[in-house]
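Q: Before I ask anything, here is the structure I am working with.
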Amino acid sequence: MTEKYQLDTLAVRGGIERSQFGEHSEALYLTSSFVFKSAAQAAERFAEREKGPIYSRFTNPTVSVFEQRLAALEGAECCIATASGMSAILATAMGLLKSGDHVIVSQSVFGATVQLFGNILKRFGLDTSFVSATDVAAWQKAVRPNTRLLFLETPSNPLTEISDIRALAAVAHAAGALLAVDNCFCTPVLQKPLELGADIVIHSATKYLDGQGRVLGGAVLGKASVIREGVFGFLRTAGPTLSPFNAWVILKGLETLRIRLEAQSASALELARWLEQQPWIERVFYPGLPSHPQHALAMKQQKSGGGIVSFEVKGGKDAAWRVVDGTQLISITANLGDTKTTITHPATTTHGRISPEARAAAGIGDGLLRVAVGLEALDDLKADLARGLGQS
Ligand SMILES: *Cc1c(COP(=O)(O)O)cnc(C)c1O
């Protein structure tokens with residue numbers, strides 16, 4: 001199916017597996033285990049001489065359909081679904097790395113990812129260097145003989161910094177390491193890291209893939225030789241597997257992924273242009289704007305700027321909070337990728353536990369706001385933000 005059809009077709013029909021009832025919508029197999037016809041068949045299944053499900057910690061047909069469909073969209077040979085985006089990153093590290101290995105991670109990754117590599121995995125002997133998302137030479141310089149993995153997220157959160165996937169894949173491969181890209185903000189609709197040379201794609205399916213803020217989920221994609229043994233081996237044993245119910249919800253989300261993301265991205269571009277015109281705005285961060293420092297690179301590796309716009313309002317935290325508190329429509333919540341627009345003040349929420357100095361060094365000012373644009377009418381969103389702007 002993968003070679004024959006385009007993305008839109010794969011998004012609604014990829015990986016379909018009908019039961020004997022011939023249901024049109026994909027079936028939800030809400031079952032923890034599967035029944036065998038005989039003792040002999042059970043033995044064959046457990047010995048992996050016969051294909052088929054055993055227990056939903058290992059595989060489940062609904063989860064498999066989700067995996068096949070996402071693999072088709074990313075152009076990946078293999079996809080392993082996980083309970084959340086964070087468990088996708090954990091399973092990648094636990095499945096592919098060992099004590100004494102060295103990892104290079106972009107310093108602009110999701111906060112929990114920083115904690116995972118910088119604190120938790122460090123306790124198990126994994127050494128991590130954090131480097132600038134945009135400085136390829138810094139990645140090169142950080143390489144050591146025991147470097148096994150390079151990990152990045154592009155565009156980054158909340159400043160929408162762009163990492164050069166092709167250049168960093170070259171750095172990784174020259175070092176005998178793998179490149180993993182968290183493709184959460186773009187999804188395969190806007191960016192295909194594997195085509196740009198990455199070895200592994202990570203998803204928090206909680207965001208755009210579900211797209212309606214309902215369930216948590218994640219995935220790891222890449223060559224079967226890279227992830228089937230290690231990542232799946234860890235997952236089936238340790239257990240942060242995707243529930244069939246969540247897989248079914250996200251599977252249905254994939255069917256509308258392209259039209260949602262393109263609409264959200266178009267709205268985000270308009271909103272970013274409008275924000276740039278407002279006198280109370282210090283600066284707008286959006287890869288689709290020519291004023292973005294890596295606009296050219298973004299437009300080369302992404303189809304469009306995506307649905308996330310960040311902006312610095314004049315007047316610091318108080319002015320930023322007035323914008324947040326002035327909203328009547330936009331939701332004050334940390335989630336993103338929803339059909340409903342959300343707003344956050346990173347310095348006091350997602351990045352609140354980082355020291356003020358480190359926050360300033362990362363460019364996250366006290367006046368910074370992040371908006372994840374949904375599907376509401378653009379004029380209503382502008383009016384909602386304008387209420388709190390310039391009220392100081
Ligand atoms: C939300 C997020 C994650 C973590 O995903 P969960 O599903 O919340 O575990 C990882 N990376 C990025 C870029 C995210 O936005």
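We name chains A, B, ... following the order of the structure tokens; residues begin at 1 in each chain, and ligands are numbered from 1 as shown.
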Taking only C-alpha atoms and all ligand atoms and a cut-off of 10 Å, can you tell me which residues surround ligand 1, written as a PyMOL selection string?
A: chain A and resi 82-90+108-113+152-158+181-186+202-208+215-219+334-337
Q: For the residues in the current selection, export C-alpha atoms as a CSV table (one decimal), in the first residue's frame.
A:
chain,number,residue,atom,x,y,z
A,82,THR,CA,3.8,3.8,22.8
A,83,ALA,CA,1.7,5.0,25.7
A,84,SER,CA,2.8,8.7,25.4
A,85,GLY,CA,5.4,10.8,23.6
A,86,MET,CA,7.7,10.6,26.6
A,87,SER,CA,7.5,6.8,26.7
A,88,ALA,CA,8.5,6.8,23.0
A,89,ILE,CA,11.7,8.7,23.9
A,90,LEU,CA,12.3,6.5,26.9
A,108,SER,CA,15.7,23.4,22.9
A,109,VAL,CA,13.8,20.1,23.4
A,110,PHE,CA,10.6,19.5,25.4
A,111,GLY,CA,11.2,20.1,29.1
A,112,ALA,CA,10.5,16.5,30.1
A,113,THR,CA,13.0,15.3,27.5
A,152,LEU,CA,16.5,17.0,18.3
A,153,GLU,CA,13.1,18.6,17.9
A,154,THR,CA,12.4,21.0,15.0
A,155,PRO,CA,10.8,23.5,15.1
A,156,SER,CA,11.6,23.8,18.8
A,157,ASN,CA,9.2,24.8,21.6
A,158,PRO,CA,8.5,27.6,22.2
A,181,VAL,CA,14.0,13.7,15.3
A,182,ASP,CA,10.9,14.5,17.5
A,183,ASN,CA,8.5,15.4,14.6
A,184,CYS,CA,5.7,16.5,16.9
A,185,PHE,CA,5.3,20.1,15.6
A,186,CYS,CA,5.3,19.3,11.9
A,202,ILE,CA,9.6,10.2,17.5
A,203,HIS,CA,6.0,11.3,18.0
A,204,SER,CA,3.9,12.6,20.8
A,205,ALA,CA,0.6,11.4,19.2
A,206,THR,CA,-1.1,13.4,22.0
A,207,LYS,CA,-0.7,16.5,20.0
A,208,TYR,CA,-1.5,16.9,16.2
A,215,VAL,CA,-5.8,10.9,24.6
A,216,LEU,CA,-2.1,10.4,25.2
A,217,GLY,CA,0.0,8.4,22.8
A,218,GLY,CA,3.4,8.2,21.1
A,219,ALA,CA,5.4,6.4,18.5
A,334,ALA,CA,-0.3,23.7,28.1
A,335,ASN,CA,-1.5,21.2,25.4
A,336,LEU,CA,-1.0,22.0,21.8
A,337,GLY,CA,-2.1,20.6,18.4
Q: With the cut-off set at 9 Å and counting only C-alpha atoms, tabulate each residue of segment 125-202 of chain A with an atom at most that distance from an atom of segment 254-271 of chain A, showing the nearest atom pair and its distance in Å to one decimal, ordered by chain and increasing number, as a Markdown table.
A:
| residue | atom | partner | partner_atom | distance |
| --- | --- | --- | --- | --- |
| A:Cys186 | CA | A:Leu261 | CA | 8.4 |
| A:Thr187 | CA | A:Leu257 | CA | 8.6 |
| A:Pro188 | CA | A:Arg258 | CA | 8.9 |
| A:Val189 | CA | A:Arg258 | CA | 5.8 |
| A:Leu190 | CA | A:Leu261 | CA | 8.2 |
Q: Would you mind listing what lies within 10 Å of Gly14 of chain A as a ChimeraX atom specification, with only C-alpha atoms counted and same-chain residues fewer than 5 positions away left out?
A: /A:1-2,5,7-9,65-73,251,254-255
Q: Using N, CA and C atoms, can you write the selected residues to a file as a tab-separated table (two decimals), in the first residue's frame?
A:
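Below is the file that was written, selection.tsv:
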chain	number	residue	atom	x	y	z
A	1	MET	N	0.84	-1.20	0.00
A	1	MET	CA	0.00	0.00	0.00
A	1	MET	C	0.88	1.25	0.00
A	2	THR	N	2.01	1.21	0.68
A	2	THR	CA	2.84	2.40	0.87
A	2	THR	C	3.29	3.03	-0.45
A	5	TYR	N	0.09	4.65	-3.08
A	5	TYR	CA	-0.85	5.74	-2.83
A	5	TYR	C	-0.20	6.97	-2.22
A	7	LEU	N	-0.25	10.50	0.29
A	7	LEU	CA	-0.46	10.69	1.74
A	7	LEU	C	-1.94	10.75	2.13
A	8	ASP	N	-2.75	11.50	1.38
A	8	ASP	CA	-4.17	11.64	1.72
A	8	ASP	C	-4.89	10.29	1.75
A	9	THR	N	-4.54	9.45	0.80
A	9	THR	CA	-5.18	8.13	0.71
A	9	THR	C	-4.71	7.23	1.85
A	65	VAL	N	-2.86	-1.46	13.43
A	65	VAL	CA	-3.39	-0.66	12.31
A	65	VAL	C	-2.89	0.78	12.42
A	66	PHE	N	-2.92	1.32	13.65
A	66	PHE	CA	-2.37	2.67	13.86
A	66	PHE	C	-0.89	2.72	13.46
A	67	GLU	N	-0.12	1.71	13.87
A	67	GLU	CA	1.32	1.68	13.56
A	67	GLU	C	1.55	1.62	12.05
A	68	GLN	N	0.76	0.78	11.37
A	68	GLN	CA	0.95	0.65	9.92
A	68	GLN	C	0.60	1.95	9.20
A	69	ARG	N	-0.46	2.61	9.68
A	69	ARG	CA	-0.89	3.85	9.01
A	69	ARG	C	0.12	4.97	9.22
A	70	LEU	N	0.62	5.12	10.45
A	70	LEU	CA	1.60	6.18	10.70
A	70	LEU	C	2.91	5.88	9.96
A	71	ALA	N	3.29	4.60	9.90
A	71	ALA	CA	4.50	4.21	9.16
A	71	ALA	C	4.35	4.60	7.70
A	72	ALA	N	3.17	4.38	7.13
A	72	ALA	CA	2.93	4.73	5.72
A	72	ALA	C	3.07	6.25	5.53
A	73	LEU	N	2.55	7.04	6.48
A	73	LEU	CA	2.61	8.50	6.35
A	73	LEU	C	4.04	9.02	6.47
A	251	LEU	N	-5.92	6.87	15.56
A	251	LEU	CA	-6.07	6.37	14.18
A	251	LEU	C	-7.11	7.20	13.42
A	254	LEU	N	-5.74	10.60	12.52
A	254	LEU	CA	-4.85	10.64	11.35
A	254	LEU	C	-5.62	10.93	10.07
A	255	GLU	N	-6.88	10.53	10.03
A	255	GLU	CA	-7.67	10.69	8.79
A	255	GLU	C	-7.86	12.16	8.42
Q: Which one is closest to Leu159 of chain A: A:Val226, A:Ile16, A:Gly233, A:Gln107? Count only C-alpha atoms.
A: A:Gln107
Q: Give me, as CSV, each residue of segment 364-386 of chain A that comes within 7 Å of segment 311-327 of chain A, together with its shortest interatomic pair and the distance in Å at one decimal, counting only C-alpha atoms, with rows ordered by chain and rising residue number.
A:
residue,atom,partner,partner_atom,distance
A:Asp366,CA,A:Lys317,CA,4.8
A:Gly367,CA,A:Gly316,CA,3.9
A:Leu368,CA,A:Glu312,CA,4.1
A:Leu369,CA,A:Phe311,CA,5.4
A:Arg370,CA,A:Phe311,CA,6.6
A:Asp384,CA,A:Thr327,CA,5.2
A:Leu385,CA,A:Thr327,CA,6.2
Q: Please identify all polymer residues within 8 Å of segment 275-289 of chain A, counting only C-alpha atoms, omitting same-chain residues fewer than 2 positions from it, and present them as number ranges by chain.
A: A: 155, 159-162, 269, 271-273, 291-292, 294-295, 298-299, 304-306, 308-314, 389-390
Q: Got a sec to tell me which of segment 50-142 of chain A DSSP assigns to helix (DSSP H, G or I), as a ChimeraX atom specification?
A: /A:61-74,85-96,111-124,136-142
Q: Quick one: residues within 10 Å of segment 124-135 of chain A, only C-alpha atoms, excluding same-chain residues fewer than 2 positions away - as number ranges by chain?
A: A: 93, 97-109, 114, 117-122, 137-143, 146-147, 149-156, 161-164, 168, 294, 362
Q: For the selection you just gave me, I'd like the residues written to a file as a short mmCIF file (atom, residue, chain, number, x, y, z; two decimals), in the first residue's frame, keeping N, CA and C atoms.
A:
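Just written: part15.cif:
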data_model
loop_
_atom_site.label_atom_id
_atom_site.label_comp_id
_atom_site.auth_asym_id
_atom_site.auth_seq_id
_atom_site.Cartn_x
_atom_site.Cartn_y
_atom_site.Cartn_z
N ALA A 93 15.65 5.34 24.06
CA ALA A 93 16.90 5.35 24.82
C ALA A 93 17.17 3.98 25.45
N LEU A 97 20.40 2.22 23.77
CA LEU A 97 21.61 2.72 24.43
C LEU A 97 21.95 1.89 25.66
N LYS A 98 23.17 2.05 26.12
CA LYS A 98 23.57 1.37 27.35
C LYS A 98 24.46 2.29 28.19
N SER A 99 24.67 1.89 29.41
CA SER A 99 25.54 2.64 30.32
C SER A 99 26.91 2.86 29.66
N GLY A 100 27.40 4.10 29.78
CA GLY A 100 28.70 4.42 29.18
C GLY A 100 28.57 5.08 27.81
N ASP A 101 27.37 5.01 27.22
CA ASP A 101 27.15 5.67 25.92
C ASP A 101 26.98 7.17 26.12
N HIS A 102 27.23 7.89 25.04
CA HIS A 102 27.09 9.35 25.05
C HIS A 102 26.03 9.77 24.04
N VAL A 103 25.22 10.74 24.43
CA VAL A 103 24.13 11.23 23.57
C VAL A 103 24.28 12.75 23.45
N ILE A 104 23.99 13.28 22.27
CA ILE A 104 23.96 14.74 22.10
C ILE A 104 22.50 15.14 21.87
N VAL A 105 22.02 16.05 22.71
CA VAL A 105 20.61 16.46 22.66
C VAL A 105 20.53 17.97 22.47
N SER A 106 19.64 18.39 21.62
CA SER A 106 19.40 19.83 21.43
C SER A 106 18.94 20.42 22.76
N GLN A 107 19.47 21.60 23.11
CA GLN A 107 19.05 22.19 24.39
C GLN A 107 17.64 22.79 24.29
N SER A 108 17.07 22.80 23.09
CA SER A 108 15.73 23.37 22.91
C SER A 108 14.66 22.29 22.78
N VAL A 109 14.85 21.14 23.44
CA VAL A 109 13.81 20.10 23.37
C VAL A 109 12.79 20.30 24.49
N VAL A 114 14.43 17.01 28.48
CA VAL A 114 15.65 17.48 29.15
C VAL A 114 15.82 16.75 30.48
N PHE A 117 16.86 12.90 29.87
CA PHE A 117 18.27 12.67 29.52
C PHE A 117 19.20 13.24 30.59
N GLY A 118 18.88 14.46 31.07
CA GLY A 118 19.79 15.16 31.97
C GLY A 118 19.82 14.60 33.38
N ASN A 119 18.72 14.02 33.85
CA ASN A 119 18.66 13.52 35.22
C ASN A 119 18.43 12.02 35.32
N ILE A 120 17.32 11.56 34.77
CA ILE A 120 16.94 10.16 35.00
C ILE A 120 17.91 9.19 34.33
N LEU A 121 18.13 9.35 33.03
CA LEU A 121 19.00 8.40 32.33
C LEU A 121 20.46 8.56 32.76
N LYS A 122 20.80 9.75 33.24
CA LYS A 122 22.15 9.99 33.76
C LYS A 122 22.45 9.06 34.93
N ALA A 137 28.04 23.25 13.98
CA ALA A 137 29.43 23.08 14.42
C ALA A 137 29.50 22.64 15.88
N ALA A 138 28.56 23.12 16.71
CA ALA A 138 28.55 22.72 18.12
C ALA A 138 28.22 21.23 18.28
N TRP A 139 27.36 20.72 17.43
CA TRP A 139 27.04 19.28 17.46
C TRP A 139 28.29 18.49 17.09
N GLN A 140 28.95 18.94 16.02
CA GLN A 140 30.16 18.28 15.55
C GLN A 140 31.21 18.24 16.66
N LYS A 141 31.35 19.38 17.34
CA LYS A 141 32.36 19.50 18.39
C LYS A 141 32.04 18.61 19.60
N ALA A 142 30.75 18.36 19.81
CA ALA A 142 30.33 17.57 20.97
C ALA A 142 30.51 16.06 20.77
N VAL A 143 30.80 15.65 19.53
CA VAL A 143 30.93 14.21 19.23
C VAL A 143 32.12 13.62 19.98
N ASN A 146 32.32 7.57 21.98
CA ASN A 146 31.19 6.75 22.44
C ASN A 146 29.82 7.38 22.15
N THR A 147 29.78 8.38 21.27
CA THR A 147 28.49 9.00 20.92
C THR A 147 27.66 8.03 20.09
N LEU A 149 23.91 8.53 19.82
CA LEU A 149 22.62 9.08 19.38
C LEU A 149 22.66 10.60 19.40
N LEU A 150 22.08 11.21 18.36
CA LEU A 150 21.84 12.66 18.34
C LEU A 150 20.33 12.82 18.38
N PHE A 151 19.83 13.73 19.22
CA PHE A 151 18.38 13.86 19.41
C PHE A 151 17.96 15.32 19.31
N LEU A 152 16.99 15.61 18.47
CA LEU A 152 16.52 16.99 18.32
C LEU A 152 15.03 17.04 18.05
N GLU A 153 14.55 18.28 18.10
CA GLU A 153 13.13 18.57 17.89
C GLU A 153 13.13 19.81 16.99
N THR A 154 12.44 19.78 15.86
CA THR A 154 12.41 20.96 14.99
C THR A 154 11.07 21.09 14.31
N PRO A 155 10.41 22.27 14.35
CA PRO A 155 10.78 23.47 15.11
C PRO A 155 10.73 23.20 16.62
N SER A 156 11.51 23.99 17.37
CA SER A 156 11.57 23.78 18.81
C SER A 156 10.43 24.54 19.50
N GLU A 161 12.83 27.39 16.88
CA GLU A 161 14.15 27.30 16.25
C GLU A 161 14.16 26.09 15.31
N ILE A 162 14.89 26.22 14.20
CA ILE A 162 14.94 25.16 13.21
C ILE A 162 16.31 24.49 13.23
N SER A 163 16.33 23.15 13.38
CA SER A 163 17.58 22.41 13.26
C SER A 163 17.69 21.87 11.85
N ASP A 164 18.89 21.85 11.33
CA ASP A 164 19.14 21.37 9.96
C ASP A 164 19.26 19.84 10.00
N LEU A 168 22.71 17.52 10.28
CA LEU A 168 22.95 16.79 11.53
C LEU A 168 22.91 15.28 11.32
N GLN A 294 15.81 31.53 10.57
CA GLN A 294 16.05 30.35 9.73
C GLN A 294 14.90 30.09 8.77
N ALA A 362 18.38 30.80 27.14
CA ALA A 362 17.64 30.06 26.11
C ALA A 362 16.75 30.99 25.28
#
Q: Counting only C-alpha atoms, which residue out of A:Phe58, A:Lys223, A:Ile165, A:Val63 sits closest to Ala238 of chain A?
A: A:Phe58
Q: Report, in Å with one decimal, the straight-line distance from atom CA of Trp248 of chain A to atom CA of Glu77 of chain A.
A: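 Those two atoms sit 21.0 Å apart.
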Q: Smallest atom-to-atom distance to Glu74 of chain A: which of A:Gln41, A:Gln191, A:Thr237, A:Thr333, using only C-alpha atoms?
A: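 Among A:Gln41, A:Gln191, A:Thr237, A:Thr333, it is A:Gln191 that comes nearest to Glu74 of chain A.
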Q: DSSP says strand (DSSP E) for which residues of segment 243-298 of chain A? Put them as a PyMOL selection string?
A: chain A and resi 281-285
Q: Nearest to Ser64 of chain A: which of A:Gly222, A:Gly211, A:Gly374, A:Pro244 is it, counting only C-alpha atoms?
A: A:Pro244
Q: Kindly give the distance, in Å, that separates atom CA of Glu195 of chain A and atom CA of Asp338 of chain A, rounded to a single decimal.
A: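 Taking atom CA of Glu195 of chain A and atom CA of Asp338 of chain A, their separation equals 26.6 Å.
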Q: Excluding segment 31-40 of chain A and residues on its chain fewer than 6 positions from it, collect all residues at most 9 Å away from it, counting only C-alpha atoms, and give them as a list of chain:residue names.
A: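 The residues satisfying every condition are A:Gly52, A:Pro53, A:Ile54, A:Tyr55, A:Ser56, A:Arg57, A:Asn60, A:Pro244.
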